[in-house]
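The next block is work.tsv, given as TSV, C-alpha atoms and all ligand atoms.
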chain	number	residue	atom	x	y	z
S	33	MET	CA	1.28	31.39	-17.02
S	34	ALA	CA	2.29	27.76	-16.46
S	35	ASN	CA	-0.36	25.32	-15.25
S	36	PHE	CA	-0.29	23.66	-11.81
S	37	ILE	CA	1.22	20.15	-11.87
S	38	PRO	CA	-0.26	18.08	-9.02
S	39	LEU	CA	1.54	15.17	-7.35
S	40	SER	CA	-1.10	12.51	-7.99
S	41	VAL	CA	-4.71	13.03	-9.04
S	42	PRO	CA	-7.47	10.72	-10.29
S	43	ASN	CA	-8.03	10.07	-13.99
S	44	PHE	CA	-11.67	9.73	-15.05
S	45	SER	CA	-11.40	9.31	-18.80
S	46	GLY	CA	-13.36	6.04	-19.03
S	47	LYS	CA	-16.99	5.11	-18.33
S	48	GLU	CA	-17.11	6.61	-14.83
S	49	LYS	CA	-20.04	8.96	-15.47
S	50	GLU	CA	-22.05	6.30	-17.29
S	51	TYR	CA	-21.69	3.67	-14.55
S	52	VAL	CA	-22.26	6.12	-11.67
S	53	ASN	CA	-25.33	7.42	-13.49
S	54	ASP	CA	-26.60	3.82	-13.84
S	55	ALA	CA	-26.26	3.42	-10.07
S	56	VAL	CA	-28.13	6.67	-9.38
S	57	VAL	CA	-30.90	5.85	-11.85
S	58	SER	CA	-31.28	2.38	-10.33
S	59	GLU	CA	-31.56	4.04	-6.88
S	60	TRP	CA	-29.09	1.48	-5.52
S	61	VAL	CA	-26.60	3.90	-4.02
S	62	SER	CA	-25.75	2.29	-0.69
S	63	THR	CA	-24.22	-1.07	0.21
S	64	GLY	CA	-26.89	-3.07	-1.66
S	65	GLY	CA	-26.87	-3.27	-5.46
S	66	SER	CA	-25.19	-5.44	-8.04
S	67	LYS	CA	-22.15	-3.30	-8.74
S	68	VAL	CA	-20.43	-4.11	-5.45
S	69	GLY	CA	-20.38	-7.80	-6.34
S	70	ASP	CA	-19.38	-7.02	-9.92
S	71	PHE	CA	-16.46	-4.91	-8.70
S	72	GLU	CA	-15.38	-7.65	-6.26
S	73	LYS	CA	-15.39	-10.11	-9.16
S	74	ALA	CA	-13.45	-7.71	-11.42
S	75	ILE	CA	-10.70	-7.24	-8.83
S	76	ALA	CA	-10.61	-10.95	-7.95
S	77	ASP	CA	-10.25	-11.83	-11.66
S	78	TYR	CA	-7.56	-9.19	-12.16
S	79	VAL	CA	-5.37	-10.52	-9.33
S	80	HIS	CA	-6.25	-14.18	-10.08
S	81	MET	CA	-8.14	-14.93	-6.86
S	82	ASP	CA	-11.47	-16.73	-6.44
S	83	ARG	CA	-12.92	-14.05	-4.23
S	84	ALA	CA	-12.37	-10.48	-3.05
S	85	VAL	CA	-14.31	-8.64	-0.33
S	86	ALA	CA	-15.03	-4.93	-0.86
S	87	CYS	CA	-14.82	-2.47	1.99
S	88	ASN	CA	-15.07	1.29	2.38
S	89	CYS	CA	-11.33	2.05	2.56
S	90	GLY	CA	-7.94	0.39	2.76
S	91	SER	CA	-7.72	1.23	6.45
S	92	SER	CA	-10.91	-0.69	7.26
S	93	GLY	CA	-9.62	-3.51	5.05
S	94	LEU	CA	-6.46	-3.66	7.13
S	95	HIS	CA	-8.52	-3.64	10.33
S	96	LEU	CA	-10.52	-6.57	8.96
S	97	ALA	CA	-7.23	-8.28	8.04
S	98	MET	CA	-6.12	-8.07	11.68
S	99	LEU	CA	-9.45	-9.42	12.94
S	100	ILE	CA	-9.70	-12.37	10.54
S	101	SER	CA	-6.06	-13.23	11.30
S	102	GLY	CA	-6.96	-13.48	14.96
S	103	VAL	CA	-4.57	-10.68	15.96
S	104	GLY	CA	-5.85	-9.40	19.29
S	105	MET	CA	-5.22	-8.12	22.79
S	106	GLY	CA	-1.61	-8.52	23.88
S	107	ASP	CA	-0.28	-9.75	20.54
S	108	GLU	CA	2.52	-8.08	18.61
S	109	VAL	CA	2.84	-7.48	14.87
S	110	ILE	CA	6.10	-6.82	13.02
S	111	VAL	CA	5.59	-3.72	10.80
S	112	PRO	CA	7.70	-1.33	8.70
S	113	THR	CA	8.43	2.15	10.05
S	114	LEU	CA	8.76	3.70	6.56
S	115	THR	CA	5.19	3.71	5.27
S	116	PHE	CA	1.85	5.48	5.60
S	117	ILE	CA	0.59	5.34	9.19
S	118	ALA	CA	-2.71	3.78	8.02
S	119	ALA	CA	-0.79	0.52	7.60
S	120	VAL	CA	0.07	0.40	11.30
S	121	ASN	CA	-2.90	1.96	13.12
S	122	PRO	CA	-5.07	-1.16	12.55
S	123	VAL	CA	-2.65	-3.09	14.78
S	124	ARG	CA	-3.75	-0.82	17.62
S	125	TYR	CA	-7.43	-1.01	16.58
S	126	ALA	CA	-7.05	-4.74	17.26
S	127	ASN	CA	-5.53	-3.98	20.69
S	128	ALA	CA	-2.15	-5.34	19.61
S	129	GLU	CA	1.25	-3.61	19.52
S	130	PRO	CA	3.55	-2.97	16.54
S	131	VAL	CA	7.30	-3.67	16.51
S	132	PHE	CA	8.98	-1.37	13.97
S	133	ILE	CA	11.56	-2.59	11.43
S	134	GLY	CA	13.58	-0.54	8.92
S	135	CYS	CA	13.69	-0.86	5.14
S	136	ASP	CA	16.09	-2.12	2.48
S	137	ASP	CA	16.80	-0.43	-0.87
S	138	SER	CA	13.36	-1.43	-2.19
S	139	LEU	CA	11.96	0.95	0.50
S	140	CYS	CA	9.97	-2.04	1.78
S	141	MET	CA	10.66	-3.77	5.09
S	142	ASP	CA	14.13	-5.31	5.22
S	143	PRO	CA	13.64	-9.09	5.52
S	144	ALA	CA	17.13	-9.57	6.94
S	145	ALA	CA	16.35	-7.12	9.75
S	146	ALA	CA	12.95	-8.74	10.38
S	147	GLU	CA	14.62	-12.13	10.64
S	148	ARG	CA	17.36	-10.80	12.95
S	149	PHE	CA	14.63	-9.45	15.21
S	150	CYS	CA	12.93	-12.87	15.31
S	151	LYS	CA	16.20	-14.69	15.92
S	152	GLU	CA	17.97	-12.34	18.35
S	153	GLU	CA	15.14	-10.64	20.21
S	154	CYS	CA	12.63	-13.48	20.45
S	155	HIS	CA	12.40	-17.21	21.17
S	156	MET	CA	10.01	-20.01	20.19
S	157	GLU	CA	7.74	-21.46	22.86
S	158	ASP	CA	5.04	-24.06	22.07
S	159	GLY	CA	5.21	-23.08	18.40
S	160	LYS	CA	4.77	-19.38	19.19
S	161	LEU	CA	7.31	-16.62	18.68
S	162	ILE	CA	7.72	-14.81	22.01
S	163	ASN	CA	9.37	-11.40	22.31
S	164	ASN	CA	12.11	-11.66	24.99
S	165	THR	CA	11.66	-8.00	26.02
S	166	SER	CA	7.88	-7.80	26.31
S	167	GLY	CA	7.02	-11.47	26.82
S	168	ARG	CA	4.24	-11.05	24.24
S	169	HIS	CA	3.30	-13.34	21.36
S	170	VAL	CA	4.57	-12.00	18.02
S	171	LYS	CA	1.69	-13.24	15.90
S	172	ALA	CA	1.93	-11.61	12.49
S	173	LEU	CA	4.19	-9.94	9.97
S	174	LEU	CA	2.69	-6.99	8.10
S	175	VAL	CA	4.53	-6.24	4.87
S	176	VAL	CA	3.85	-3.10	2.80
S	177	HIS	CA	4.61	-2.99	-0.94
S	178	VAL	CA	5.86	0.59	-0.79
S	179	PHE	CA	5.07	2.81	-3.80
S	180	GLY	CA	3.99	-0.30	-5.73
S	181	ASN	CA	7.35	-2.01	-5.38
S	182	MET	CA	7.05	-5.70	-4.42
S	183	ALA	CA	8.51	-6.49	-0.98
S	184	ASP	CA	10.77	-9.54	-0.99
S	185	MET	CA	7.98	-12.11	-0.64
S	186	VAL	CA	10.32	-15.05	-1.21
S	187	GLU	CA	12.11	-14.14	2.00
S	188	PHE	CA	9.03	-12.99	3.91
S	189	THR	CA	7.08	-16.20	3.23
S	190	ARG	CA	10.08	-18.21	4.44
S	191	ILE	CA	10.43	-16.11	7.61
S	192	ALA	CA	6.69	-16.39	8.27
S	193	ARG	CA	6.95	-20.20	7.94
S	194	ASP	CA	10.09	-20.48	10.10
S	195	TYR	CA	8.67	-18.40	12.95
S	196	ASN	CA	5.01	-19.39	12.60
S	197	LEU	CA	3.79	-15.89	11.75
S	198	ILE	CA	0.66	-14.89	9.87
S	199	LEU	CA	1.70	-12.93	6.77
S	200	ILE	CA	-0.42	-9.87	5.97
S	201	GLU	CA	0.24	-7.85	2.80
S	202	ASP	CA	-0.63	-4.17	2.66
S	203	ALA	CA	-0.92	-4.00	-1.13
S	204	THR	CA	-2.83	-0.71	-0.99
S	205	GLU	CA	-0.22	0.92	-3.25
S	206	ALA	CA	0.54	-2.14	-5.36
S	207	LEU	CA	-2.52	-3.14	-7.38
S	208	GLY	CA	-1.19	-4.69	-10.59
S	209	THR	CA	2.32	-5.49	-9.34
S	210	TYR	CA	3.22	-9.16	-9.90
S	211	TYR	CA	6.20	-11.50	-10.00
S	212	THR	CA	7.53	-12.34	-13.48
S	213	SER	CA	10.06	-14.95	-12.31
S	214	GLY	CA	11.02	-17.04	-9.29
S	215	PRO	CA	8.78	-19.27	-7.15
S	216	PHE	CA	5.91	-16.76	-7.27
S	217	ALA	CA	5.99	-16.04	-11.03
S	218	GLY	CA	2.53	-14.80	-12.07
S	219	LYS	CA	1.48	-14.03	-8.49
S	220	PHE	CA	0.16	-10.55	-7.69
S	221	ALA	CA	1.16	-8.43	-4.69
S	222	GLY	CA	-1.51	-9.05	-2.05
S	223	THR	CA	-2.17	-12.66	-3.06
S	224	ILE	CA	0.95	-14.36	-1.71
S	225	GLY	CA	0.57	-14.16	2.09
S	226	ASP	CA	-2.40	-15.16	4.25
S	227	VAL	CA	-4.30	-11.90	3.66
S	228	GLY	CA	-3.89	-8.96	1.28
S	229	VAL	CA	-5.52	-5.53	1.18
S	230	TYR	CA	-5.95	-3.01	-1.66
S	231	SER	CA	-7.02	0.65	-1.46
S	232	PHE	CA	-8.95	2.79	-3.91
S	233	ASN	CA	-8.35	6.13	-2.25
S	234	GLY	CA	-8.17	9.19	-4.51
S	235	ASN	CA	-4.40	9.09	-4.95
S	236	LYS	CA	-4.08	5.34	-5.55
S	237	LEU	CA	-3.63	3.72	-8.98
S	238	ILE	CA	-7.40	3.35	-9.41
S	239	THR	CA	-9.96	5.08	-7.21
S	240	THR	CA	-13.51	4.75	-5.95
S	241	GLY	CA	-13.20	8.02	-4.00
S	242	SER	CA	-12.64	5.86	-0.95
S	243	GLY	CA	-12.61	2.09	-0.99
S	244	GLY	CA	-10.69	-1.08	-0.36
S	245	MET	CA	-10.62	-4.80	-1.03
S	246	VAL	CA	-9.55	-7.79	1.06
S	247	VAL	CA	-8.30	-11.05	-0.46
S	248	SER	CA	-7.20	-14.17	1.37
S	249	ASN	CA	-5.74	-17.57	0.60
S	250	HIS	CA	-8.10	-18.96	3.29
S	251	PRO	CA	-11.64	-18.87	1.82
S	252	ASP	CA	-13.22	-18.91	5.30
S	253	TRP	CA	-11.17	-15.85	6.32
S	254	ALA	CA	-12.48	-13.91	3.30
S	255	GLU	CA	-16.01	-14.95	4.26
S	256	HIS	CA	-15.36	-13.76	7.80
S	257	ALA	CA	-14.16	-10.38	6.49
S	258	LYS	CA	-17.41	-9.98	4.56
S	259	HIS	CA	-19.41	-10.90	7.66
S	260	LEU	CA	-17.56	-8.43	9.91
S	261	SER	CA	-17.82	-5.65	7.29
S	262	THR	CA	-21.63	-5.94	7.21
S	263	GLN	CA	-22.35	-5.68	10.96
S	264	ALA	CA	-21.91	-9.43	11.46
S	265	LYS	CA	-25.53	-9.98	10.57
S	266	ALA	CA	-26.51	-13.62	11.07
S	267	ASP	CA	-30.13	-13.18	9.99
S	268	GLU	CA	-31.31	-10.44	7.60
S	269	LEU	CA	-34.95	-10.38	8.67
S	270	GLN	CA	-34.63	-10.72	12.42
S	271	PHE	CA	-31.53	-8.52	12.82
S	272	LEU	CA	-29.57	-11.20	14.60
S	273	HIS	CA	-25.84	-10.49	14.97
S	274	ASP	CA	-23.38	-13.10	16.18
S	275	GLU	CA	-20.30	-10.87	16.63
S	276	VAL	CA	-19.40	-7.22	17.07
S	277	GLY	CA	-19.38	-6.13	13.43
S	278	TYR	CA	-18.63	-2.96	11.52
S	279	ASN	CA	-20.21	-0.77	8.84
S	280	TYR	CA	-17.25	-1.23	6.51
S	281	ARG	CA	-18.96	-2.22	3.25
S	282	LEU	CA	-18.29	-0.39	-0.04
S	283	THR	CA	-21.30	1.37	-1.61
S	284	ASN	CA	-22.81	0.70	-5.03
S	285	LEU	CA	-21.92	4.27	-6.10
S	286	GLN	CA	-18.28	3.71	-5.24
S	287	ALA	CA	-18.28	0.32	-6.94
S	288	ALA	CA	-19.65	1.96	-10.11
S	289	LEU	CA	-16.63	4.24	-10.18
S	290	GLY	CA	-14.35	1.27	-9.50
S	291	LEU	CA	-15.78	-0.76	-12.39
S	292	ALA	CA	-14.95	2.05	-14.81
S	293	GLN	CA	-11.48	2.45	-13.28
S	294	ILE	CA	-10.45	-1.21	-13.37
S	295	GLU	CA	-11.18	-1.29	-17.11
S	296	GLN	CA	-8.35	1.23	-17.51
S	297	VAL	CA	-5.83	-0.17	-15.05
S	298	GLU	CA	-3.33	-1.55	-17.56
S	299	GLY	CA	-3.35	1.72	-19.50
S	300	PHE	CA	-2.68	3.60	-16.26
S	301	ILE	CA	0.28	1.34	-15.49
S	302	ALA	CA	1.69	1.72	-19.01
S	303	HIS	CA	1.49	5.51	-18.61
S	304	LYS	CA	3.25	5.35	-15.22
S	305	HIS	CA	6.04	3.30	-16.79
S	306	GLU	CA	6.48	5.81	-19.60
S	307	MET	CA	6.66	8.81	-17.26
S	308	TRP	CA	8.99	7.02	-14.83
S	309	GLN	CA	11.34	6.14	-17.69
S	310	MET	CA	11.32	9.75	-18.83
S	311	TYR	CA	12.33	10.95	-15.35
S	312	LYS	CA	14.95	8.21	-15.10
S	313	ASP	CA	16.55	8.97	-18.46
S	314	ALA	CA	16.74	12.68	-17.69
S	315	LEU	CA	17.60	12.69	-13.97
S	316	ASP	CA	19.21	9.45	-12.80
S	317	GLY	CA	22.90	10.10	-12.12
S	318	LYS	CA	22.53	13.78	-13.13
S	319	ASN	CA	22.97	16.87	-10.98
S	320	GLY	CA	23.32	14.85	-7.76
S	321	TYR	CA	20.03	12.98	-8.27
S	322	ARG	CA	18.99	9.36	-8.50
S	323	ILE	CA	15.62	7.97	-9.55
S	324	LEU	CA	15.02	4.99	-7.26
S	325	PRO	CA	14.42	1.74	-9.14
S	326	PHE	CA	11.66	-0.85	-8.80
S	327	ARG	CA	12.32	-4.61	-8.67
S	328	ASP	CA	12.28	-4.88	-12.45
S	329	ASP	CA	14.51	-7.97	-12.47
S	330	CYS	CA	11.78	-10.25	-11.11
S	331	THR	CA	8.51	-8.27	-11.12
S	332	ARG	CA	6.24	-6.14	-13.27
S	333	SER	CA	5.68	-3.22	-10.91
S	334	ASN	CA	2.75	-0.80	-11.18
S	335	LYS	CA	5.31	2.01	-10.53
S	336	TRP	CA	2.67	3.88	-8.52
S	337	PHE	CA	4.89	6.59	-7.01
S	338	PHE	CA	8.24	7.96	-8.23
S	339	SER	CA	11.10	8.67	-5.82
S	340	LEU	CA	13.82	11.21	-6.51
S	341	TYR	CA	16.76	10.50	-4.18
S	342	LEU	CA	18.99	13.45	-3.29
S	343	GLU	CA	22.41	11.86	-3.42
S	344	ASP	CA	24.40	15.10	-3.34
S	345	PRO	CA	24.35	16.60	0.17
S	346	ARG	CA	24.13	20.12	-1.29
S	347	HIS	CA	20.50	19.31	-2.12
S	348	GLN	CA	18.15	19.99	0.77
S	349	ARG	CA	14.84	18.14	0.57
S	350	ASP	CA	12.55	20.88	1.87
S	351	ALA	CA	14.30	23.60	-0.15
S	352	ILE	CA	13.74	21.59	-3.32
S	353	ILE	CA	10.07	21.03	-2.51
S	354	GLN	CA	9.68	24.78	-1.91
S	355	ALA	CA	11.52	25.76	-5.10
S	356	LEU	CA	9.27	23.47	-7.15
S	357	LYS	CA	6.17	24.76	-5.38
S	358	GLU	CA	7.08	28.26	-6.50
S	359	GLN	CA	6.96	26.93	-10.05
S	360	LYS	CA	3.53	25.40	-9.41
S	361	ILE	CA	4.91	21.86	-9.24
S	362	GLN	CA	3.63	19.77	-6.32
S	363	THR	CA	6.04	17.28	-4.72
S	364	ARG	CA	6.36	15.86	-1.20
S	365	PRO	CA	8.82	14.22	1.16
S	366	VAL	CA	8.41	10.54	1.97
S	367	TRP	CA	6.42	9.86	5.17
S	368	ALA	CA	7.85	10.73	8.57
S	369	LEU	CA	8.88	7.46	10.25
S	370	ILE	CA	5.97	6.00	12.19
S	371	HIS	CA	7.94	5.00	15.28
S	372	GLU	CA	8.54	8.71	15.91
S	373	GLN	CA	4.84	9.61	15.68
S	374	ALA	CA	1.48	9.45	17.46
S	375	ASP	CA	2.17	7.45	20.62
S	376	TYR	CA	4.32	4.80	18.95
S	377	GLY	CA	7.40	6.29	20.66
S	378	LYS	CA	7.31	3.57	23.34
S	379	ASN	CA	7.22	0.67	20.87
S	380	GLN	CA	10.21	-1.46	20.02
S	381	VAL	CA	12.32	-0.36	17.04
S	382	PHE	CA	14.85	-2.43	15.11
S	383	SER	CA	17.42	-1.48	12.46
S	384	VAL	CA	15.97	1.78	11.11
S	385	GLU	CA	19.14	3.63	9.94
S	386	LYS	CA	18.45	3.20	6.22
S	387	ALA	CA	14.82	4.29	6.66
S	388	GLN	CA	16.10	7.49	8.32
S	389	ASP	CA	18.36	8.17	5.34
S	390	TYR	CA	15.53	7.67	2.83
S	391	ARG	CA	13.21	9.78	4.95
S	392	ALA	CA	15.73	12.65	4.77
S	393	LYS	CA	16.54	12.40	1.07
S	394	ILE	CA	13.47	11.33	-0.94
S	395	VAL	CA	11.22	13.72	-2.86
S	396	ASN	CA	8.19	12.15	-4.57
S	397	LEU	CA	7.62	13.55	-8.06
S	398	PRO	CA	4.36	14.18	-9.97
S	399	CYS	CA	3.10	10.79	-11.19
S	400	SER	CA	-0.57	11.15	-12.15
S	401	THR	CA	-1.81	8.83	-14.88
S	402	ASN	CA	-2.78	11.90	-16.90
S	403	LEU	CA	0.59	13.64	-16.52
S	404	THR	CA	1.65	14.83	-19.98
S	405	ARG	CA	5.15	14.54	-21.43
S	406	GLU	CA	5.28	18.36	-21.52
S	407	ASP	CA	4.53	18.59	-17.80
S	408	CYS	CA	7.02	15.85	-17.03
S	409	GLN	CA	9.65	17.80	-19.00
S	410	ARG	CA	8.83	20.94	-17.02
S	411	VAL	CA	9.49	19.07	-13.74
S	412	ILE	CA	12.77	17.72	-15.16
S	413	ASP	CA	13.94	21.18	-16.35
S	414	ALA	CA	13.08	22.72	-12.97
S	415	LEU	CA	15.08	20.04	-11.14
S	416	LEU	CA	18.10	20.29	-13.43
S	417	ALA	CA	18.22	24.04	-12.85
S	418	LEU	CA	18.58	23.60	-9.06
V	501	LIG	C1	-3.44	4.43	1.18
V	501	LIG	C2	-2.79	3.53	2.15
V	501	LIG	C3	-3.51	2.90	3.17
V	501	LIG	C4	-4.92	3.20	3.53
V	501	LIG	O1	-5.82	3.22	2.55
V	501	LIG	P1	-7.14	4.15	2.69
V	501	LIG	O2	-7.98	3.64	1.59
V	501	LIG	O3	-6.70	5.56	2.49
V	501	LIG	O4	-7.72	3.92	4.02
V	501	LIG	C5	-2.85	1.98	3.98
V	501	LIG	N1	-1.55	1.72	3.82
V	501	LIG	C6	-0.81	2.34	2.88
V	501	LIG	C7	0.63	1.99	2.75
V	501	LIG	C8	-1.40	3.28	2.03
V	501	LIG	O5	-0.64	3.91	1.12

If you convert what's in this file into structure tokens, what do you get?
Amino acid sequence: MANFIPLSVPNFSGKEKEYVNDAVVSEWVSTGGSKVGDFEKAIADYVHMDRAVACNCGSSGLHLAMLISGVGMGDEVIVPTLTFIAAVNPVRYANAEPVFIGCDDSLCMDPAAAERFCKEECHMEDGKLINNTSGRHVKALLVVHVFGNMADMVEFTRIARDYNLILIEDATEALGTYYTSGPFAGKFAGTIGDVGVYSFNGNKLITTGSGGMVVSNHPDWAEHAKHLSTQAKADELQFLHDEVGYNYRLTNLQAALGLAQIEQVEGFIAHKHEMWQMYKDALDGKNGYRILPFRDDCTRSNKWFFSLYLEDPRHQRDAIIQALKEQKIQTRPVWALIHEQADYGKNQVFSVEKAQDYRAKIVNLPCSTNLTREDCQRVIDALLAL
């Protein structure tokens, strides 16, 4: 009987057990302990930043990003509608409101649509972008590097400058993606805007079980994130707190796992590239399928998640997912658009037609870093038979 092929699972083939055992033996299992700082340094070095601030998940990292950016009550943030909802909820945690924008063919937010929104739906007043409809201050632009594909940061940095917006990068899916050419050559996703956030959830490129990391091009903002993540303690001994803080710090146990994982990150990416190429060679342009590309012309992408696009209308997304499930192959549709969910139905929406098309026609394929060539071939054969 054929084995089950999961969509995306962790890969613990390095020193995970050794480092976690060290943490247990040392009895430093909570937010104290040297491994948290070591992991921060390892991530900072990897993405070429001076400092990174560890937190207990990407969602809390994004909440901290809002707070250190000064996004607050009554502000608005431009966000993509085609992404995981955890990217957008922190806007509400900060008592601000999202404005939803559609995607381009990278699956990331369409910069042309974001700019049209700024130009046609807003005006500048005392150096602030004001939304004509709501009268609120549009303070920030939150870009998500969807499935590890770099959003068009050349355009987004220009738009942020032109309209005086803080640029926040949700790089939770894009650890290891960097520009290879252009003005940002050598720059990693997450390190180009004002603030960037990574996630180490179980399905991400590397995992700490749950975890995240905040980086910023403003050293004092990074310091502020650390302060807020540790209950805003101003004095250790006297328990003096100078702000409303949070218990958002990563634990030493999680950091131990992360240290073992980051040692393997380039191997994981190489494996993703190999499997993606195998799917592309076998399926792109065949049987009514396309394998969506990454921005390979100007970036080295981590190729975190693979997207099969159902070009031929005879293919029905949910029927394909079901047929594969019956063969013990796990796949999934891309996320339901956020502006149609939770209570975001009342928020402003701009230019989402392409996002609706991708939502209807994408199936994400198995992409674990321990996926074998045999399993990849089984997925390909099953798809070609449909
Ligand atoms: C995973 C993810 C998050 C949240 O990260 P957690 O660590 O699960 O909280 C946020 N945004 C996007 C786009 C993600 O994929």

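Selecting all polymer residues at most 6 Å from ligand LIG 501 (chain V), using only C-alpha atoms and all ligand atoms, gives S:Cys89, S:Gly90, S:Ser91, S:Thr115, S:Phe116, S:Ala118, S:Ala119, S:Thr204, S:Glu205, S:Ser231, S:Phe232, S:Asn233, S:Ser242, S:Gly243, S:Gly244.
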
Between S:Gln380, S:His273, S:Thr209, S:Ala97, which has the minimum distance to Asp226 of chain S (counting all atoms listed in the file)? S:Ala97

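When only C-alpha atoms are used to compute distances to Leu285 of chain S, the closest of the residues S:Asn334, S:Thr240, S:Ser101, S:Ser339 turns out to be S:Thr240.
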
I need every residue sitting at most 6 Å from the point (14.5, -10.2, 2.2) (coordinates as in the file, all atoms listed in the file considered), written as a short mmCIF file (atom, residue, chain, number, x, y, z; two decimals) with C-alpha atoms, in the frame of the given file.
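Saved file out-v4.cif follows:
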data_model
loop_
_atom_site.label_atom_id
_atom_site.label_comp_id
_atom_site.auth_asym_id
_atom_site.auth_seq_id
_atom_site.Cartn_x
_atom_site.Cartn_y
_atom_site.Cartn_z
CA ASP S 142 14.13 -5.31 5.22
CA PRO S 143 13.64 -9.09 5.52
CA ALA S 144 17.13 -9.57 6.94
CA ASP S 184 10.77 -9.54 -0.99
CA GLU S 187 12.11 -14.14 2.00
#

Using only C-alpha atoms, determine which residues lie at most 7 Å from Val381 of chain S, disregarding the query and same-chain residues fewer than 5 positions distant; provide the list as an MDAnalysis selection string. chainID S and resid 131:133

How would the residues just chosen look if you wrote them out with C-alpha atoms as a CSV table (one decimal), keeping the file's coordinate frame?
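And here's selection-v5.csv as it stands now:
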chain,number,residue,atom,x,y,z
S,131,VAL,CA,7.3,-3.7,16.5
S,132,PHE,CA,9.0,-1.4,14.0
S,133,ILE,CA,11.6,-2.6,11.4

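Restricting the calculation to all atoms listed in the file, the smallest distance between Pro215 of chain S and any of S:Asn249, S:Thr404, S:Thr331, S:Gln296 is found for S:Thr331.
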
Would you give the centre and edge lengths, in Å to one decimal, of a box along x, y and z around the listed atoms of segment 245-256 of chain S, with 8 Å added to each side, as JSON?
{"center_x": -10.9, "center_y": -11.9, "center_z": 3.4, "size_x": 26.3, "size_y": 30.2, "size_z": 24.8}

With all atoms listed in the file as the counted atoms, please give the residues lying no more than 9 Å from segment 301-312 of chain S, apart from itself and same-chain residues fewer than 5 positions off, as a list in words. Gly208, Leu237, Gln296, Gly317, Arg322, Ile323, Leu324, Pro325, Ser333, Asn334, Lys335, Trp336, Phe337, Phe338, Leu340, Cys399, Ser400, Thr401, Asn402, Leu403, Thr404, Arg405, Cys408, Gln409, Val411 and Ile412 of chain S

Could you give me, as JSON, numbers by chain, the residues within 8 Å of segment 382-387 of chain S, counting only C-alpha atoms and dropping anything in the same chain fewer than 5 positions from it? {"S": [113, 114, 131, 132, 133, 134, 135, 136, 139, 145, 149, 369]}

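Distance annotation: of S:Lys258, S:Arg327, S:Lys265, S:Arg391, the residue with the minimal separation from Glu72 of chain S is S:Lys258; atom set is all atoms listed in the file.
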
Best match for closeness to Arg364 of chain S among S:Leu397, S:Ala203, S:Leu342, S:Ala314, counting all atoms listed in the file: S:Leu397

For Tyr341 of chain S, which residue among S:Val395, S:Ile238, S:Val297, S:Ala146 is the nearest when counting only C-alpha atoms? S:Val395

Starting from the point (-19.3, -7.6, 18.0), work out which residues of protein, DNA or RNA have an atom no more than 12 Å away when counting all atoms listed in the file; state them as a ChimeraX atom specification. /S:99,259-266,272-279

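The two atoms in question, atom CA of Glu48 of chain S and atom CA of Tyr211 of chain S, are spaced 29.9 Å apart.
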
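The coordinates place atom CA of Ala288 of chain S at 27.9 Å from atom CA of Gly218 of chain S.
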